[in-house]
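The next block is work24.txt, given as compact mmCIF, C-alpha atoms and all ligand atoms.
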# COMPACT_ATOMS: atom_id res chain seq x y z
CA MET A 914 20.32 -6.64 0.36
CA HIS A 915 23.47 -5.54 2.12
CA PHE A 916 24.47 -2.93 4.68
CA LYS A 917 26.96 -0.11 4.39
CA GLU A 918 28.27 2.49 6.80
CA VAL A 919 28.47 5.70 4.81
CA LYS A 920 30.38 8.89 5.55
CA GLY A 921 27.67 11.48 4.98
CA ILE A 922 23.92 11.55 4.42
CA LEU A 923 22.73 15.10 3.68
CA SER A 924 23.67 16.78 0.39
CA ALA A 925 24.47 20.48 0.15
CA THR A 926 20.79 21.09 -0.66
CA ASN A 927 19.60 18.90 2.25
CA GLY A 928 18.61 15.92 0.12
CA MET A 929 19.23 12.37 1.28
CA ASN A 930 18.82 8.79 0.12
CA ILE A 931 18.86 6.21 2.87
CA SER A 932 19.54 3.35 0.46
CA ARG A 933 20.89 2.64 -3.03
CA GLY A 934 19.16 0.38 -5.53
CA CYS A 935 15.53 -0.62 -5.50
CA VAL A 936 13.26 -3.66 -5.80
CA HIS A 937 10.14 -1.94 -7.13
CA GLY A 938 11.05 -3.01 -10.66
CA CYS A 939 9.84 -0.01 -12.70
CA ILE A 940 10.72 -0.85 -16.30
CA TYR A 941 11.78 2.75 -17.12
CA CYS A 942 13.96 3.37 -14.03
CA ASP A 943 16.56 6.10 -14.62
CA ALA A 944 18.39 5.17 -11.40
CA ARG A 945 19.71 2.09 -13.28
CA SER A 946 21.74 4.33 -15.60
CA THR A 947 25.43 3.48 -15.57
CA CYS A 948 26.33 7.17 -15.03
CA TYR A 949 25.40 6.71 -11.36
CA ASP A 950 28.24 4.22 -11.01
CA MET A 951 26.48 1.68 -8.80
CA ARG A 952 28.97 -1.00 -7.79
CA HIS A 953 26.36 -3.64 -6.88
CA ASP A 954 23.32 -5.21 -8.56
CA PHE A 955 20.43 -2.77 -8.66
CA GLU A 956 18.15 -5.19 -6.78
CA ASP A 957 20.82 -5.89 -4.15
CA VAL A 958 19.71 -2.86 -2.17
CA GLU A 959 22.40 -1.15 -0.14
CA ILE A 960 21.01 -0.01 3.20
CA LYS A 961 22.91 2.93 4.67
CA ILE A 962 22.71 1.52 8.14
CA ASN A 963 24.08 4.61 9.92
CA ALA A 964 21.75 7.04 8.08
CA PRO A 965 19.78 8.10 11.21
CA PHE A 966 22.97 8.69 13.20
CA LEU A 967 24.41 10.86 10.41
CA LEU A 968 21.15 12.76 9.98
CA GLU A 969 20.94 13.52 13.70
CA ASP A 970 24.50 14.81 13.61
CA ALA A 971 23.93 16.90 10.46
CA LEU A 972 20.74 18.54 11.76
CA LYS A 973 22.31 19.25 15.15
CA ARG A 974 25.04 21.27 13.40
CA LYS A 975 22.64 23.35 11.29
CA ARG A 976 22.28 26.96 12.31
CA LYS A 977 18.90 27.22 10.58
CA LYS A 978 16.07 24.73 10.26
CA CYS A 979 15.51 23.47 6.74
CA MET A 980 13.43 21.24 4.51
CA VAL A 981 14.89 17.75 4.15
CA GLY A 982 14.22 16.05 0.84
CA THR A 983 14.28 12.29 0.32
CA GLY A 984 13.37 9.74 -2.33
CA ALA A 985 14.85 11.36 -5.44
CA MET A 986 17.23 8.50 -6.29
CA SER A 987 15.84 5.56 -4.35
CA ASP A 988 12.44 4.91 -2.81
CA PRO A 989 12.52 5.35 0.99
CA TYR A 990 9.81 2.69 1.42
CA ILE A 991 11.61 -0.31 -0.04
CA PRO A 992 9.99 -3.15 1.94
CA ILE A 993 13.05 -4.36 3.85
CA PRO A 994 12.65 -4.23 7.66
CA GLU A 995 15.99 -2.49 8.32
CA ASN A 996 15.18 0.11 5.66
CA LEU A 997 11.70 0.74 7.06
CA ALA A 998 13.17 1.10 10.54
CA ASN A 999 15.73 3.59 9.19
CA ILE A 1000 13.21 5.81 7.44
CA ARG A 1001 11.03 5.92 10.55
CA SER A 1002 14.04 6.89 12.68
CA CYS A 1003 14.94 9.61 10.18
CA LEU A 1004 11.40 11.01 10.30
CA GLU A 1005 11.54 11.06 14.10
CA ILE A 1006 14.79 13.02 13.93
CA ILE A 1007 13.40 15.48 11.38
CA GLU A 1008 10.35 16.01 13.59
CA ARG A 1009 12.40 16.48 16.75
CA HIS A 1010 14.55 19.12 15.08
CA GLY A 1011 11.49 20.98 13.77
CA CYS A 1012 12.58 20.60 10.16
CA GLY A 1013 10.27 20.24 7.16
CA LEU A 1014 10.11 17.27 4.82
CA ALA A 1015 9.57 16.60 1.11
CA ILE A 1016 9.35 12.83 0.70
CA GLN A 1017 8.91 10.93 -2.55
CA THR A 1018 7.64 7.35 -2.76
CA LYS A 1019 5.55 5.06 -4.93
CA SER A 1020 4.61 2.95 -1.93
CA ASN A 1021 1.57 3.30 0.28
CA LEU A 1022 3.73 1.86 3.10
CA ILE A 1023 4.28 5.53 3.87
CA LEU A 1024 0.86 5.46 5.57
CA ARG A 1025 2.51 3.54 8.40
CA ASP A 1026 4.32 6.77 9.30
CA LEU A 1027 1.33 9.08 8.97
CA ASP A 1028 1.56 10.02 12.68
CA LEU A 1029 5.07 11.40 12.17
CA LEU A 1030 4.24 13.14 8.90
CA LYS A 1031 1.38 14.93 10.67
CA LYS A 1032 3.65 16.00 13.52
CA ILE A 1033 6.25 17.35 11.08
CA ASN A 1034 3.46 19.18 9.30
CA GLU A 1035 2.26 20.75 12.55
CA LYS A 1036 5.64 22.39 13.21
CA SER A 1037 6.77 22.98 9.63
CA LYS A 1038 5.76 21.67 6.22
CA CYS A 1039 5.43 18.08 5.05
CA VAL A 1040 5.01 17.43 1.33
CA VAL A 1041 4.38 13.90 0.06
CA GLU A 1042 5.24 13.17 -3.57
CA THR A 1043 4.25 10.14 -5.57
CA THR A 1044 4.40 9.05 -9.20
CA LEU A 1045 1.37 8.28 -11.34
CA THR A 1046 2.01 6.97 -14.83
CA THR A 1047 -0.99 4.92 -15.80
CA TYR A 1048 -4.65 4.85 -14.97
CA ASP A 1049 -4.82 1.24 -16.22
CA GLU A 1050 -4.22 -1.08 -13.24
CA ALA A 1051 -3.16 -4.06 -15.37
CA LEU A 1052 -0.64 -1.92 -17.25
CA CYS A 1053 0.61 -0.54 -13.93
CA LYS A 1054 1.46 -4.10 -12.83
CA ILE A 1055 3.69 -4.34 -15.91
CA LEU A 1056 5.30 -0.90 -15.72
CA GLU A 1057 5.82 -0.83 -11.92
CA PRO A 1058 5.46 -4.51 -10.96
CA ASN A 1059 6.65 -4.72 -7.35
CA VAL A 1060 4.99 -1.74 -5.71
CA CYS A 1061 1.38 -0.82 -5.03
CA THR A 1062 -0.65 0.22 -8.07
CA THR A 1063 -1.94 3.63 -9.11
CA LYS A 1064 -5.27 3.07 -7.36
CA ALA A 1065 -3.57 2.47 -4.01
CA ARG A 1066 -1.37 5.53 -4.52
CA PHE A 1067 -4.56 7.50 -5.25
CA GLY A 1068 -5.92 6.23 -1.91
CA MET A 1069 -2.70 7.34 -0.21
CA LEU A 1070 -3.01 10.81 -1.77
CA LYS A 1071 -6.56 11.12 -0.44
CA THR A 1072 -5.45 10.09 3.06
CA MET A 1073 -2.78 12.82 2.96
CA ARG A 1074 -5.40 15.33 1.81
CA ASP A 1075 -7.70 14.31 4.68
CA ASN A 1076 -4.84 14.88 7.12
CA GLY A 1077 -3.88 18.30 5.81
CA ILE A 1078 -0.66 17.15 4.13
CA LYS A 1079 0.13 18.69 0.75
CA THR A 1080 0.87 16.32 -2.12
CA ILE A 1081 2.69 16.58 -5.43
CA VAL A 1082 2.36 14.05 -8.25
CA TRP A 1083 5.17 13.22 -10.66
CA MET A 1084 3.18 12.44 -13.84
CA SER A 1085 6.06 10.81 -15.60
CA PRO A 1086 7.00 8.95 -17.69
CA LEU A 1087 4.22 8.65 -20.23
CA LEU A 1088 5.78 6.15 -22.63
CA PRO A 1089 5.36 6.57 -26.40
CA PHE A 1090 2.98 3.96 -27.90
CA ILE A 1091 2.16 2.61 -24.41
CA ASN A 1092 0.55 5.11 -22.02
CA ASP A 1093 0.80 8.40 -23.96
CA THR A 1094 -2.94 8.62 -24.65
CA ALA A 1095 -5.56 11.28 -23.90
CA GLU A 1096 -7.61 8.64 -22.08
CA ASN A 1097 -4.73 7.85 -19.72
CA LEU A 1098 -3.88 11.50 -19.12
CA ARG A 1099 -7.52 12.30 -18.32
CA GLY A 1100 -7.78 9.37 -15.89
CA LEU A 1101 -4.66 10.45 -14.03
CA LEU A 1102 -5.72 14.09 -13.94
CA GLN A 1103 -9.11 13.08 -12.56
CA TYR A 1104 -7.33 11.25 -9.70
CA CYS A 1105 -5.26 14.37 -9.03
CA ILE A 1106 -8.35 16.59 -9.00
CA GLU A 1107 -10.22 14.25 -6.62
CA ALA A 1108 -7.22 13.98 -4.31
CA GLU A 1109 -6.83 17.80 -4.41
CA VAL A 1110 -3.11 17.56 -5.08
CA TYR A 1111 -1.10 20.75 -4.65
CA GLY A 1112 0.92 20.30 -7.81
CA ILE A 1113 1.88 18.03 -10.70
CA ILE A 1114 5.39 17.74 -12.12
CA ASN A 1115 5.35 16.87 -15.80
CA PHE A 1116 8.33 17.51 -18.06
CA GLY A 1117 6.46 16.54 -21.24
CA ILE A 1118 4.95 13.38 -22.64
CA GLY A 1119 7.82 10.97 -23.06
CA VAL A 1120 10.66 9.24 -21.27
CA THR A 1121 14.43 9.59 -21.00
CA LEU A 1122 16.67 6.63 -21.82
CA ARG A 1123 20.39 6.22 -21.35
CA GLU A 1124 22.93 3.48 -20.94
CA GLY A 1125 21.93 0.95 -18.28
CA ASP A 1126 18.37 2.22 -18.10
CA ARG A 1127 17.78 1.67 -21.86
CA GLU A 1128 18.96 -1.96 -21.86
CA TYR A 1129 16.66 -2.90 -18.99
CA PHE A 1130 13.74 -1.03 -20.57
CA TYR A 1131 14.22 -2.82 -23.89
CA GLN A 1132 14.50 -6.18 -22.17
CA LYS A 1133 11.13 -5.52 -20.50
CA LEU A 1134 9.59 -4.29 -23.76
CA ASP A 1135 10.61 -7.60 -25.37
CA GLU A 1136 8.95 -9.51 -22.50
CA HIS A 1137 5.68 -7.59 -22.43
CA PHE A 1138 5.26 -5.74 -25.74
CA PRO A 1139 6.72 -7.83 -28.60
CA GLY A 1140 7.93 -5.66 -31.49
CA MET A 1141 7.90 -2.45 -29.39
CA LYS A 1142 11.67 -2.34 -28.88
CA GLN A 1143 12.23 -2.29 -32.65
CA LYS A 1144 9.65 0.51 -32.96
CA TYR A 1145 11.56 2.59 -30.38
CA GLN A 1146 14.91 1.85 -32.02
CA ARG A 1147 13.63 2.87 -35.45
CA LYS A 1148 12.07 6.09 -34.23
CA TYR A 1149 14.47 7.25 -31.51
CA GLY A 1150 17.82 5.52 -32.07
CA ASN A 1151 19.99 6.26 -29.03
CA SER A 1152 18.33 9.57 -28.12
CA TYR A 1153 18.20 10.54 -24.47
CA GLN A 1154 14.92 12.42 -24.89
CA VAL A 1155 12.21 10.11 -26.21
CA MET A 1156 9.21 12.35 -26.80
CA SER A 1157 5.75 11.21 -27.80
CA ASP A 1158 4.17 12.45 -31.03
CA ASN A 1159 1.19 13.34 -28.84
CA ASN A 1160 3.26 15.66 -26.64
CA ASN A 1161 1.89 19.00 -27.82
CA ALA A 1162 -1.79 18.08 -27.74
CA LEU A 1163 -1.56 16.27 -24.39
CA MET A 1164 0.50 19.01 -22.73
CA GLN A 1165 -2.02 21.60 -23.88
CA GLU A 1166 -4.77 19.58 -22.23
CA PHE A 1167 -2.60 19.11 -19.13
CA TYR A 1168 -2.03 22.88 -18.72
CA THR A 1169 -5.71 23.67 -19.26
CA VAL A 1170 -6.92 21.17 -16.65
CA CYS A 1171 -4.30 22.30 -14.10
CA GLN A 1172 -5.32 25.93 -14.57
CA GLN A 1173 -9.02 25.09 -14.23
CA HIS A 1174 -8.39 23.31 -10.94
CA ASN A 1175 -5.71 25.56 -9.43
CA ILE A 1176 -3.10 22.82 -9.58
CA VAL A 1177 0.46 24.19 -9.66
CA TYR A 1178 2.37 22.69 -12.61
CA GLY A 1179 5.61 24.62 -13.21
CA PRO A 1180 8.41 22.23 -12.10
CA GLU A 1181 10.62 25.12 -10.87
CA LYS A 1182 7.78 26.59 -8.81
CA LEU A 1183 7.17 23.17 -7.26
CA PHE A 1184 10.84 22.55 -6.52
CA THR A 1185 11.04 25.96 -4.84
CA TYR A 1186 7.94 25.15 -2.81
CA MET A 1187 9.49 21.87 -1.63
CA ARG A 1188 12.74 23.57 -0.68
CA THR A 1189 11.17 26.47 1.21
CA TYR A 1190 11.10 25.98 4.95
CA GLU A 1191 8.03 27.11 6.89
CA ASP A 1192 7.91 27.62 10.64
CA LYS A 1193 4.27 27.18 11.63
CA HIS A 1194 4.89 27.82 15.34
CA ALA A 1195 6.41 31.22 14.55
CA ALA A 1196 3.49 31.98 12.24
CA ILE A 1197 0.99 31.15 15.03
CA GLN A 1198 2.85 33.38 17.48
CA LEU A 1199 2.84 36.25 15.01
CA ASP A 1200 -0.93 35.79 14.65
CA LEU A 1201 -1.32 35.93 18.43
CA PHE A 1202 0.63 39.20 18.67
CA GLY A 1203 -1.46 40.51 15.79
CA ASP A 1204 -4.65 39.75 17.77
CA ARG A 1205 -3.46 41.86 20.73
CA ASP A 1206 -3.07 45.01 18.65
S1 LIG B 1301 10.63 3.23 -7.47
FE1 LIG B 1301 12.06 4.65 -8.42
S2 LIG B 1301 14.10 3.82 -7.96
FE2 LIG B 1301 12.62 2.18 -7.60
S3 LIG B 1301 12.56 1.02 -9.52
FE3 LIG B 1301 10.91 2.57 -9.58
S4 LIG B 1301 11.79 4.34 -10.63
FE4 LIG B 1301 13.51 3.03 -9.96
Represent the structure from my file as structure tokens, please.
Amino acid sequence: MHFKEVKGILSATNGMNISRGCVHGCIYCDARSTCYDMRHDFEDVEIKINAPFLLEDALKRKRKKCMVGTGAMSDPYIPIPENLANIRSCLEIIERHGCGLAIQTKSNLILRDLDLLKKINEKSKCVVETTLTTYDEALCKILEPNVCTTKARFGMLKTMRDNGIKTIVWMSPLLPFINDTAENLRGLLQYCIEAEVYGIINFGIGVTLREGDREYFYQKLDEHFPGMKQKYQRKYGNSYQVMSDNNNALMQEFYTVCQQHNIVYGPEKLFTYMRTYEDKHAAIQLDLFGDRD
């Protein structure tokens, strides 16, 4: 781990990553791809030590309140004390400015900050996103070895539900020959139904692989699934899109179950939802004026 003072924190679309790199160890991690031009080891997490200061400054300058998004490129709950302190400070700032939040993590450490998430959700909108890839706990320890398992993330989703916080699940990746089965899909969907998730993002049954990410993935396949790398190489070569043969049947089942349970599944619809700011105080005041009429 190392620290860095960065120049800016919020992107043009109000996204931020408070660190670079990750220690969660997911074998399929796209953030390892060389196209992101990381100049340090992936596990040598770079903590953007001035992130809260920059966020405070950026939000102060905004003429309109907005949704802040975080967690797209690196998990905000990497278990390093300075990182955990930074994400809590950032949430405090977001709450104080009355902004909304869409936060993505695989870690149930987010429950530590439930008080702040609830406060953000009282003024605006808080959306918690997590990833579910496998219903099989033992397989989860192989695919995502250094973070809490699917069952704990399911528990986190239920806690958010019980506290009125909307959740979105990234059901991805479902890896060909590994977790691309109807049994796995049904188990994950059942968790989503029970946790009453708002939406599920699923781009199809498969994975994307590119330089940097592919090498690490293959190294892990060799460690845990002997012969699997050769199977991938034969079938997919150097393709970026690595789609499962079961894609059509499983996606049909996915759409049907989502429709039956009123789960939103169009990725664009969900991205729009996460980017759309809501002012709950203004909505309450409008209701009050409505009552007087
Ligand atoms: S949590 Fe995200 S960034 Fe971290 S290793 Fe897993 S996929 Fe990569």
Could you give me, as a tab-separated table, every range 994-1025 of chain A residue with an atom at most 8 Å from range 930-947 of chain A, plus its closest atom pair and distance in Å to one decimal, counting all atoms listed in the file, rows ordered by chain then number?
residue	atom	partner	partner_atom	distance
A:Asn996	CA	A:Ser932	CA	7.5
A:Asn999	CA	A:Ile931	CA	7.5
A:Ile1000	CA	A:Ile931	CA	7.3
For the residues in that selection, give me C-alpha atoms as a PDB file, keeping the file's coordinate frame.
ATOM      1  CA  ASN A 996      15.180   0.110   5.660  1.00  0.00           C
ATOM      2  CA  ASN A 999      15.730   3.590   9.190  1.00  0.00           C
ATOM      3  CA  ILE A1000      13.210   5.810   7.440  1.00  0.00           C
TER       4      ILE A1000
END
Per-residue nearest contacts of range 1114-1203 of chain A to range 966-990 of chain A (9 Å; all atoms listed in the file) as JSON lines:
{"residue": "A:Met1187", "atom": "CA", "partner": "A:Met980", "partner_atom": "CA", "distance": 7.3}
{"residue": "A:Arg1188", "atom": "CA", "partner": "A:Met980", "partner_atom": "CA", "distance": 5.7}
{"residue": "A:Thr1189", "atom": "CA", "partner": "A:Met980", "partner_atom": "CA", "distance": 6.6}
{"residue": "A:Tyr1190", "atom": "CA", "partner": "A:Met980", "partner_atom": "CA", "distance": 5.3}
{"residue": "A:Glu1191", "atom": "CA", "partner": "A:Cys979", "partner_atom": "CA", "distance": 8.3}
{"residue": "A:Asp1192", "atom": "CA", "partner": "A:Lys978", "partner_atom": "CA", "distance": 8.7}
- Query: At what distance in Å, to one decimal, does CA of Glu995 in chain A lie from CA of Lys1133 in chain A?
  - Reply: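 The value is 29.4 Å.
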- Excluding same-chain residues fewer than 2 positions from Lys1036 in chain A, what lies within 9 Å of it counting only C-alpha atoms, as a ChimeraX atom specification? /A:1008,1011-1013,1031-1034,1038,1191-1195
- Query: Taking into account all atoms listed in the file, which residue in the set A:Tyr1129, A:Ser1037, A:Gly1117, A:Gly1068 is nearest to ligand LIG 1301 (chain B)?
  - Reply: A:Tyr1129
What are the centre and edge lengths in Å, to one decimal, of the axis-aligned box around all listed atoms of range 1004-1013 of chain A with 4 Å added on each side, as lines of an AutoDock Vina configuration file?
center_x = 12.5
center_y = 16.0
center_z = 12.0
size_x = 12.5
size_y = 18.0
size_z = 17.6
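Proximity of A:Thr1080, A:Gln1198, A:Thr1063, A:Thr1043 to Leu1101 in chain A, computed with only C-alpha atoms, is greatest for A:Thr1063.
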- Query: Between CA of Asp1158 in chain A and CA of Glu1050 in chain A, what is the spacing in Å?
  - Reply: 23.9 Å
- Item | Polymer residues at most 10 Å from Lys920 in chain A, only C-alpha atoms, same-chain spacing of 4 or more positions, as JSON, numbers by chain | {"A": [961, 963, 964, 967]}
- Note on the structure: The distance between CA of Ile1078 in chain A and CA of Cys1039 in chain A is 6.2 Å
Residue contacts of Thr1094 in chain A (12 Å, all atoms listed in the file) excluding same-chain residues fewer than 2 positions away, as a compact mmCIF listing (two decimals) with C-alpha atoms, in the coordinates of the input:
# COMPACT_ATOMS: atom_id res chain seq x y z
CA THR A 1046 2.01 6.97 -14.83
CA THR A 1047 -0.99 4.92 -15.80
CA TYR A 1048 -4.65 4.85 -14.97
CA ASP A 1049 -4.82 1.24 -16.22
CA LEU A 1087 4.22 8.65 -20.23
CA LEU A 1088 5.78 6.15 -22.63
CA PRO A 1089 5.36 6.57 -26.40
CA PHE A 1090 2.98 3.96 -27.90
CA ILE A 1091 2.16 2.61 -24.41
CA ASN A 1092 0.55 5.11 -22.02
CA GLU A 1096 -7.61 8.64 -22.08
CA ASN A 1097 -4.73 7.85 -19.72
CA LEU A 1098 -3.88 11.50 -19.12
CA ARG A 1099 -7.52 12.30 -18.32
CA GLY A 1100 -7.78 9.37 -15.89
CA LEU A 1101 -4.66 10.45 -14.03
CA ILE A 1118 4.95 13.38 -22.64
CA GLY A 1119 7.82 10.97 -23.06
CA SER A 1157 5.75 11.21 -27.80
CA ASP A 1158 4.17 12.45 -31.03
CA ASN A 1159 1.19 13.34 -28.84
CA ASN A 1160 3.26 15.66 -26.64
CA ASN A 1161 1.89 19.00 -27.82
CA ALA A 1162 -1.79 18.08 -27.74
CA LEU A 1163 -1.56 16.27 -24.39
CA MET A 1164 0.50 19.01 -22.73
CA GLU A 1166 -4.77 19.58 -22.23
CA PHE A 1167 -2.60 19.11 -19.13
- Judged by all atoms listed in the file, the minimum distance to Phe916 in chain A among A:Asp1026, A:Asp957, A:Glu1005, A:Asp1075 is found for A:Asp957
- Write out as a list in words which residues come within 7 Å of Trp1083 in chain A when counting only C-alpha atoms, dropping same-chain ones fewer than 6 positions away.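 The neighbour list is Thr1043, Thr1044, Leu1045, Ile1113, Ile1114 and Asn1115 of chain A.
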Just write the chosen residues, C-alpha atoms, as a PDB file, in the coordinates of the input.
ATOM      1  CA  THR A1043       4.250  10.140  -5.570  1.00  0.00           C
ATOM      2  CA  THR A1044       4.400   9.050  -9.200  1.00  0.00           C
ATOM      3  CA  LEU A1045       1.370   8.280 -11.340  1.00  0.00           C
ATOM      4  CA  ILE A1113       1.880  18.030 -10.700  1.00  0.00           C
ATOM      5  CA  ILE A1114       5.390  17.740 -12.120  1.00  0.00           C
ATOM      6  CA  ASN A1115       5.350  16.870 -15.800  1.00  0.00           C
TER       7      ASN A1115
END
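Distances from A:Ile1081, A:Ala998, A:Ile991, A:Val1177 to ligand LIG 1301 (chain B) were compared using all atoms listed in the file, and the smallest one belongs to A:Ile991.
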- Message: Residues near Thr1072 in chain A, anyone? I mean within 10 Å using all atoms listed in the file, not counting same-chain ones fewer than 4 positions away, as a VMD selection string.
- Response: chain A and resid 1024 1027 1066 to 1068 1076 to 1078 1108
Those same residues, written as a short mmCIF file (atom, residue, chain, number, x, y, z; two decimals), in the coordinates of the input with C-alpha atoms?
data_model
loop_
_atom_site.label_atom_id
_atom_site.label_comp_id
_atom_site.auth_asym_id
_atom_site.auth_seq_id
_atom_site.Cartn_x
_atom_site.Cartn_y
_atom_site.Cartn_z
CA LEU A 1024 0.86 5.46 5.57
CA LEU A 1027 1.33 9.08 8.97
CA ARG A 1066 -1.37 5.53 -4.52
CA PHE A 1067 -4.56 7.50 -5.25
CA GLY A 1068 -5.92 6.23 -1.91
CA ASN A 1076 -4.84 14.88 7.12
CA GLY A 1077 -3.88 18.30 5.81
CA ILE A 1078 -0.66 17.15 4.13
CA ALA A 1108 -7.22 13.98 -4.31
#
With the input short on atoms, add all heavy atoms back to range 983-990 of chain A and write it as a PDB file, in the coordinates of the input.
ATOM      1  N   THR A 983      13.820  13.678   0.471  1.00  0.00           N
ATOM      2  CA  THR A 983      14.280  12.290   0.320  1.00  0.00           C
ATOM      3  C   THR A 983      13.438  11.542  -0.711  1.00  0.00           C
ATOM      4  O   THR A 983      12.269  11.848  -0.907  1.00  0.00           O
ATOM      5  CB  THR A 983      14.281  11.544   1.677  1.00  0.00           C
ATOM      6  OG1 THR A 983      14.974  10.298   1.512  1.00  0.00           O
ATOM      7  CG2 THR A 983      12.887  11.254   2.208  1.00  0.00           C
ATOM      8  N   GLY A 984      14.094  10.585  -1.379  1.00  0.00           N
ATOM      9  CA  GLY A 984      13.370   9.740  -2.330  1.00  0.00           C
ATOM     10  C   GLY A 984      13.668  10.043  -3.784  1.00  0.00           C
ATOM     11  O   GLY A 984      13.086   9.435  -4.670  1.00  0.00           O
ATOM     12  N   ALA A 985      14.590  10.992  -4.046  1.00  0.00           N
ATOM     13  CA  ALA A 985      14.850  11.360  -5.440  1.00  0.00           C
ATOM     14  C   ALA A 985      15.530  10.228  -6.216  1.00  0.00           C
ATOM     15  O   ALA A 985      15.219   9.981  -7.378  1.00  0.00           O
ATOM     16  CB  ALA A 985      15.700  12.617  -5.500  1.00  0.00           C
ATOM     17  N   MET A 986      16.452   9.518  -5.579  1.00  0.00           N
ATOM     18  CA  MET A 986      17.230   8.500  -6.290  1.00  0.00           C
ATOM     19  C   MET A 986      16.889   7.072  -5.885  1.00  0.00           C
ATOM     20  O   MET A 986      17.218   6.131  -6.587  1.00  0.00           O
ATOM     21  CB  MET A 986      18.720   8.730  -6.051  1.00  0.00           C
ATOM     22  CG  MET A 986      19.296   9.870  -6.864  1.00  0.00           C
ATOM     23  SD  MET A 986      19.156   9.595  -8.626  1.00  0.00           S
ATOM     24  CE  MET A 986      20.189   8.159  -8.804  1.00  0.00           C
ATOM     25  N   SER A 987      16.281   6.909  -4.701  1.00  0.00           N
ATOM     26  CA  SER A 987      15.840   5.560  -4.350  1.00  0.00           C
ATOM     27  C   SER A 987      14.660   5.692  -3.395  1.00  0.00           C
ATOM     28  O   SER A 987      14.618   6.604  -2.573  1.00  0.00           O
ATOM     29  CB  SER A 987      16.966   4.727  -3.748  1.00  0.00           C
ATOM     30  OG  SER A 987      17.110   5.000  -2.385  1.00  0.00           O
ATOM     31  N   ASP A 988      13.692   4.798  -3.563  1.00  0.00           N
ATOM     32  CA  ASP A 988      12.440   4.910  -2.810  1.00  0.00           C
ATOM     33  C   ASP A 988      12.680   4.651  -1.323  1.00  0.00           C
ATOM     34  O   ASP A 988      13.234   3.613  -0.954  1.00  0.00           O
ATOM     35  CB  ASP A 988      11.432   3.899  -3.387  1.00  0.00           C
ATOM     36  CG  ASP A 988      10.014   4.230  -2.978  1.00  0.00           C
ATOM     37  OD1 ASP A 988       9.773   4.359  -1.756  1.00  0.00           O
ATOM     38  OD2 ASP A 988       9.161   4.374  -3.851  1.00  0.00           O
ATOM     39  N   PRO A 989      12.269   5.572  -0.444  1.00  0.00           N
ATOM     40  CA  PRO A 989      12.520   5.350   0.990  1.00  0.00           C
ATOM     41  C   PRO A 989      11.683   4.217   1.589  1.00  0.00           C
ATOM     42  O   PRO A 989      11.976   3.767   2.699  1.00  0.00           O
ATOM     43  CB  PRO A 989      12.150   6.696   1.637  1.00  0.00           C
ATOM     44  CG  PRO A 989      11.362   7.442   0.630  1.00  0.00           C
ATOM     45  CD  PRO A 989      11.681   6.891  -0.716  1.00  0.00           C
ATOM     46  N   TYR A 990      10.655   3.767   0.876  1.00  0.00           N
ATOM     47  CA  TYR A 990       9.810   2.690   1.420  1.00  0.00           C
ATOM     48  C   TYR A 990      10.026   1.355   0.709  1.00  0.00           C
ATOM     49  O   TYR A 990       9.089   0.617   0.429  1.00  0.00           O
ATOM     50  CB  TYR A 990       8.334   3.124   1.419  1.00  0.00           C
ATOM     51  CG  TYR A 990       8.102   4.119   2.551  1.00  0.00           C
ATOM     52  CD1 TYR A 990       8.231   5.477   2.337  1.00  0.00           C
ATOM     53  CD2 TYR A 990       7.862   3.686   3.842  1.00  0.00           C
ATOM     54  CE1 TYR A 990       8.095   6.393   3.386  1.00  0.00           C
ATOM     55  CE2 TYR A 990       7.733   4.575   4.899  1.00  0.00           C
ATOM     56  CZ  TYR A 990       7.852   5.921   4.657  1.00  0.00           C
ATOM     57  OH  TYR A 990       7.729   6.799   5.705  1.00  0.00           O
TER      58      TYR A 990
END
